[in-house]
$ cat start09.pdb   # PDB, C-alpha atoms and all ligand atoms
ATOM      1  CA  MET F 268     -11.906   9.581  72.147
ATOM      2  CA  PRO F 269     -11.943  12.661  69.899
ATOM      3  CA  LYS F 270      -8.162  12.630  69.776
ATOM      4  CA  GLY F 271      -8.172   9.064  68.641
ATOM      5  CA  ILE F 272     -10.638   9.784  65.876
ATOM      6  CA  TYR F 273      -8.607  12.702  64.613
ATOM      7  CA  LYS F 274      -5.475  10.639  64.663
ATOM      8  CA  ARG F 275      -7.125   7.859  62.641
ATOM      9  CA  LYS F 276      -8.375  10.330  60.002
ATOM     10  CA  LYS F 277      -4.986  11.940  59.720
ATOM     11  CA  GLY F 278      -3.373   8.585  59.599
ATOM     12  CA  ILE F 279      -5.608   7.394  56.754
ATOM     13  CA  LYS F 280      -5.712  10.558  54.668
ATOM     14  CA  TYR F 281      -2.177  11.833  54.905
ATOM     15  CA  GLY F 282      -0.257   8.947  56.331
ATOM     16  CA  MET F 283      -1.397   6.370  53.784
ATOM     17  CA  THR F 284      -1.150   8.580  50.737
ATOM     18  CA  GLY F 285       2.154   9.933  51.909
ATOM     19  CA  LYS F 286       3.566   6.445  52.257
ATOM     20  CA  PHE F 287       2.265   4.936  49.018
ATOM     21  CA  HIS F 288       3.110   7.913  46.850
ATOM     22  CA  SER F 289       6.290   8.924  48.570
ATOM     23  CA  ASP F 290       9.378  10.069  46.763
ATOM     24  CA  THR F 291      11.004   6.673  46.820
ATOM     25  CA  THR F 292       8.054   4.934  45.172
ATOM     26  CA  LYS F 293       7.715   7.736  42.640
ATOM     27  CA  ARG F 294      11.347   7.424  41.751
ATOM     28  CA  LYS F 295      10.973   3.671  41.416
ATOM     29  CA  MET F 296       7.964   4.110  39.146
ATOM     30  CA  LYS F 297       9.769   6.641  36.986
ATOM     31  CA  LYS F 298      12.840   4.490  36.751
ATOM     32  CA  SER F 299      10.871   1.422  35.770
ATOM     33  CA  HIS F 300       8.923   3.351  33.159
ATOM     34  CA  LYS F 301      12.023   5.003  31.788
ATOM     35  CA  GLY F 302      13.710   1.666  31.652
ATOM     36  CA  MET F 303      10.830   0.212  29.628
ATOM     37  CA  LEU F 304      10.628   3.113  27.225
ATOM     38  CA  GLY F 305      14.334   3.650  26.896
ATOM     39  CA  LYS F 306      15.402   0.084  26.333
ATOM     40  CA  LYS F 307      12.577  -1.954  24.906
ATOM     41  CA  LEU F 308      10.697   0.619  22.843
ATOM     42  CA  SER F 309      13.604   2.655  21.557
ATOM     43  CA  LYS F 310      15.795   2.308  18.494
ATOM     44  CA  LYS F 311      15.855  -1.444  18.014
ATOM     45  CA  HIS F 312      12.162  -1.844  18.552
ATOM     46  CA  LYS F 313      11.260   1.087  16.356
ATOM     47  CA  GLU F 314      13.590  -0.074  13.635
ATOM     48  CA  LYS F 315      12.046  -3.509  13.650
ATOM     49  CA  ILE F 316       8.545  -2.083  13.478
ATOM     50  CA  SER F 317       9.448   0.401  10.771
ATOM     51  CA  GLU F 318      11.180  -2.272   8.718
ATOM     52  CA  LYS F 319       8.184  -4.545   8.932
ATOM     53  CA  HIS F 320       5.846  -1.738   7.993
ATOM     54  CA  LYS F 321       8.049  -0.581   5.139
ATOM     55  CA  GLY F 322       8.245  -4.053   3.710
ATOM     56  CA  MET F 323       4.535  -4.591   3.976
ATOM     57  CA  HIS F 324       3.623  -1.283   2.443
ATOM     58  CA  THR F 325       6.033  -1.427  -0.471
ATOM     59  CA  GLU F 326       5.116  -4.991  -1.331
ATOM     60  CA  GLU F 327       1.437  -4.284  -1.147
ATOM     61  CA  LYS F 328       1.745  -1.161  -3.227
ATOM     62  CA  ASN F 329       3.841  -2.876  -5.849
ATOM     63  CA  CYS F 330       1.435  -5.767  -6.064
ATOM     64  CA  ASN F 331      -1.478  -3.434  -6.493
ATOM     65  CA  TRP F 332       0.292  -1.384  -9.096
ATOM     66  CA  LYS F 333       1.501  -4.298 -11.143
ATOM     67  CA  GLY F 334      -1.760  -6.139 -11.036
ATOM     68  CA  ASP F 335      -4.123  -3.279 -11.599
ATOM     69  CA  LYS F 336      -4.782  -0.244 -13.754
ATOM     70  CA  ALA F 337      -1.433   1.443 -13.306
ATOM     71  CA  SER F 338       0.450  -1.377 -15.029
ATOM     72  CA  LYS F 339      -1.615  -0.971 -18.168
ATOM     73  CA  GLY F 340      -1.145   2.753 -18.121
ATOM     74  CA  ALA F 341       2.561   2.488 -17.424
ATOM     75  CA  MET F 342       3.077  -0.078 -20.149
ATOM     76  CA  HIS F 343       1.074   2.019 -22.552
ATOM     77  CA  PHE F 344       3.498   4.882 -22.081
ATOM     78  CA  TRP F 345       6.395   2.472 -22.268
ATOM     79  CA  ILE F 346       5.341   1.001 -25.603
ATOM     80  CA  ILE F 347       4.763   4.472 -27.030
ATOM     81  CA  GLY F 348       8.269   5.365 -25.939
ATOM     82  CA  GLN F 349       9.617   2.241 -27.625
ATOM     83  CA  LYS F 350       7.599   2.050 -30.824
ATOM     84  CA  GLY F 351       5.930   5.430 -31.062
ATOM     85  CA  LYS F 352       2.245   6.155 -31.205
ATOM     86  CA  ALA F 353      -0.071   3.463 -32.442
ATOM     87  CA  SER F 354      -1.614   6.026 -34.790
ATOM     88  CA  GLU F 355       1.625   5.944 -36.771
ATOM     89  CA  TYR F 356       0.918   2.303 -37.634
ATOM     90  CA  LYS F 357      -1.763   0.415 -39.507
ATOM     91  CA  CYS F 358      -4.180  -1.925 -37.811
ATOM     92  CA  LYS F 359      -2.857  -5.431 -37.858
ATOM     93  CA  TYR F 360      -6.210  -6.936 -38.840
ATOM     94  CA  CYS F 361      -8.059  -4.502 -41.079
ATOM     95  CA  LEU F 362      -5.090  -2.307 -42.168
ATOM     96  CA  LYS F 363      -6.876   0.903 -41.289
ATOM     97  CA  GLN F 364      -5.072   3.490 -39.250
ATOM     98  CA  ALA F 365      -4.360   2.046 -35.859
ATOM     99  CA  ARG F 366      -5.362   3.819 -32.721
ATOM    100  CA  ASP F 367      -4.216   1.756 -29.746
ATOM    101  CA  TRP F 368      -1.521  -0.617 -28.734
ATOM    102  CA  ALA F 369      -3.117  -3.915 -27.801
ATOM    103  CA  ASN F 370      -1.344  -6.462 -25.691
ATOM    104  CA  VAL F 371      -1.474  -9.879 -27.305
ATOM    105  CA  ASP F 372      -2.011 -11.991 -24.203
ATOM    106  CA  HIS F 373      -3.115  -9.169 -21.898
ATOM    107  CA  THR F 374      -0.289  -9.797 -19.497
ATOM    108  CA  TYR F 375       1.252  -6.396 -20.226
ATOM    109  CA  LYS F 376       4.835  -7.537 -20.003
ATOM    110  CA  ARG F 377       7.755  -5.500 -21.249
ATOM    111  CA  ILE F 378       7.964  -7.396 -24.520
ATOM    112  CA  LEU F 379       7.741  -5.302 -27.681
ATOM    113  CA  GLU F 380       6.440  -8.177 -29.780
ATOM    114  CA  ASP F 381       3.483  -8.615 -27.458
ATOM    115  CA  TYR F 382       2.054  -5.267 -28.502
ATOM    116  CA  ILE F 383       0.210  -4.890 -31.778
ATOM    117  CA  PRO F 384      -1.305  -1.766 -33.318
ATOM    118  CA  LEU F 385      -5.048  -2.017 -33.657
ATOM    119  CA  CYS F 386      -7.766   0.310 -34.805
ATOM    120  CA  ARG F 387     -10.573   1.173 -32.494
ATOM    121  CA  SER F 388     -13.072  -1.417 -33.624
ATOM    122  CA  CYS F 389     -10.550  -4.229 -33.884
ATOM    123  CA  HIS F 390      -9.150  -3.419 -30.501
ATOM    124  CA  SER F 391     -12.529  -3.539 -28.836
ATOM    125  CA  LYS F 392     -13.409  -6.756 -30.642
ATOM    126  CA  TYR F 393     -10.075  -8.232 -29.730
ATOM    127  CA  ASP F 394     -10.491  -7.366 -26.086
ATOM    128  CA  ILE F 395     -14.071  -8.548 -25.918
ATOM    129  CA  LYS F 396     -13.126 -11.820 -27.518
ATOM    130  CA  TYR F 397     -10.253 -12.274 -25.162
ATOM    131  CA  ASN F 398     -12.244 -11.303 -22.115
ATOM    132  CA  ASN F 399     -15.089 -13.643 -22.919
ATOM    133  CA  ILE F 400     -12.697 -16.556 -23.070
ATOM    134  CA  ASN F 401     -10.346 -15.877 -20.230
ATOM    135  CA  HIS F 402     -11.548 -13.137 -17.963
ATOM    136  CA  THR F 403     -14.541 -11.469 -16.525
ATOM    137  CA  PRO F 404     -15.136  -8.357 -18.614
ATOM    138  CA  TYR F 405     -13.334  -5.256 -17.545
ATOM    139  CA  THR F 406     -13.787  -1.669 -18.599
ATOM    140  CA  ILE F 407     -11.371  -1.176 -21.444
ATOM    141  CA  LYS F 408     -14.309   0.112 -23.480
ATOM    142  CA  ASN F 409     -14.435   3.204 -21.321
ATOM    143  CA  LYS F 410     -10.775   3.791 -21.989
ATOM    144  CA  ILE F 411     -11.153   3.919 -25.765
TER
HETATM  145 ZN    ZN F 501      -8.753  -2.789 -37.331
END

$ encode --input "start09.pdb" --output "structure tokens"
Amino acid sequence: MPKGIYKRKKGIKYGMTGKFHSDTTKRKMKKSHKGMLGKKLSKKHKEKISEKHKGMHTEEKNCNWKGDKASKGAMHFWIIGQKGKASEYKCKYCLKQARDWANVDHTYKRILEDYIPLCRSCHSKYDIKYNNINHTPYTIKNKI
């Protein structure tokens, strides 16, 4: 009886574990895992993922930049580079010394004719007028 009990314990503890985690099964596991990692998740997969991510990120960034503050800032520098400083011109409305370049339709396109020199007061009036008609007010006042 005691021999049988000992045999059963040995059989369960060492025999079972030895069989299920033997070298052959370990090798099979490793091979299957390596196969998965090596083939499916390597170059092609990574390239696809990276391409998707790149596309998403660049598009999103560009959209944000074009549609938001940076476009105004960028175009402001662009128009200064093209026409010079607004302070070198006279205000289009009151003929005082201009201070800012105002965009006629607020689309901030790369069209020289769309930018007019305005003095401070005319610019703010112009923007307020425009904003009241077409847009919810934004903080160009803080910029001036
Ligand atoms: Zn003016």

$ residues_near_ligand --input "start09.pdb" --ligand "ligand ZN 501 (chain F)" --cutoff "9 Å" --atoms "only C-alpha atoms and all ligand atoms" --output "list in words"
Lys357, Cys358, Lys359, Tyr360, Cys361, Leu362, Lys363, Gln364, Ala365, Arg366, Pro384, Leu385, Cys386, Arg387, Ser388, Cys389 and His390 of chain F

$ closest_residue --input "start09.pdb" --among "F:Ser317, F:Ser338, F:Ser289, F:Ser309" --to "His373 in chain F" --atoms "only C-alpha atoms"
F:Ser338

$ closest_residue --input "start09.pdb" --among "F:His343, F:Ser354, F:Lys392, F:Asp290" --to "Leu379 in chain F" --atoms "all atoms listed in the file"
F:His343

$ residues_around --input "start09.pdb" --residues "range 376-378 of chain F" --least-positions-apart "2" --cutoff "9 Å" --atoms "only C-alpha atoms" --output "list in words"
Met342, Trp345, Ile346, Asn370, His373, Thr374, Glu380, Asp381 and Tyr382 of chain F

$ atom_distance --input "start09.pdb" --atom1 "CA of Lys313 in chain F" --atom2 "CA of Lys293 in chain F"
27.3 Å

$ atom_distance --input "start09.pdb" --atom1 "CA of Ser391 in chain F" --atom2 "CA of Gly348 in chain F"
22.8 Å

$ axis_aligned_box --input "start09.pdb" --around "range 338-349 of chain F" --padding-each-side "5 Å" --output "AutoDock Vina command-line options"
--center_x 4.0 --center_y 2.0 --center_z -21.3 --size_x 21.2 --size_y 16.7 --size_z 22.6
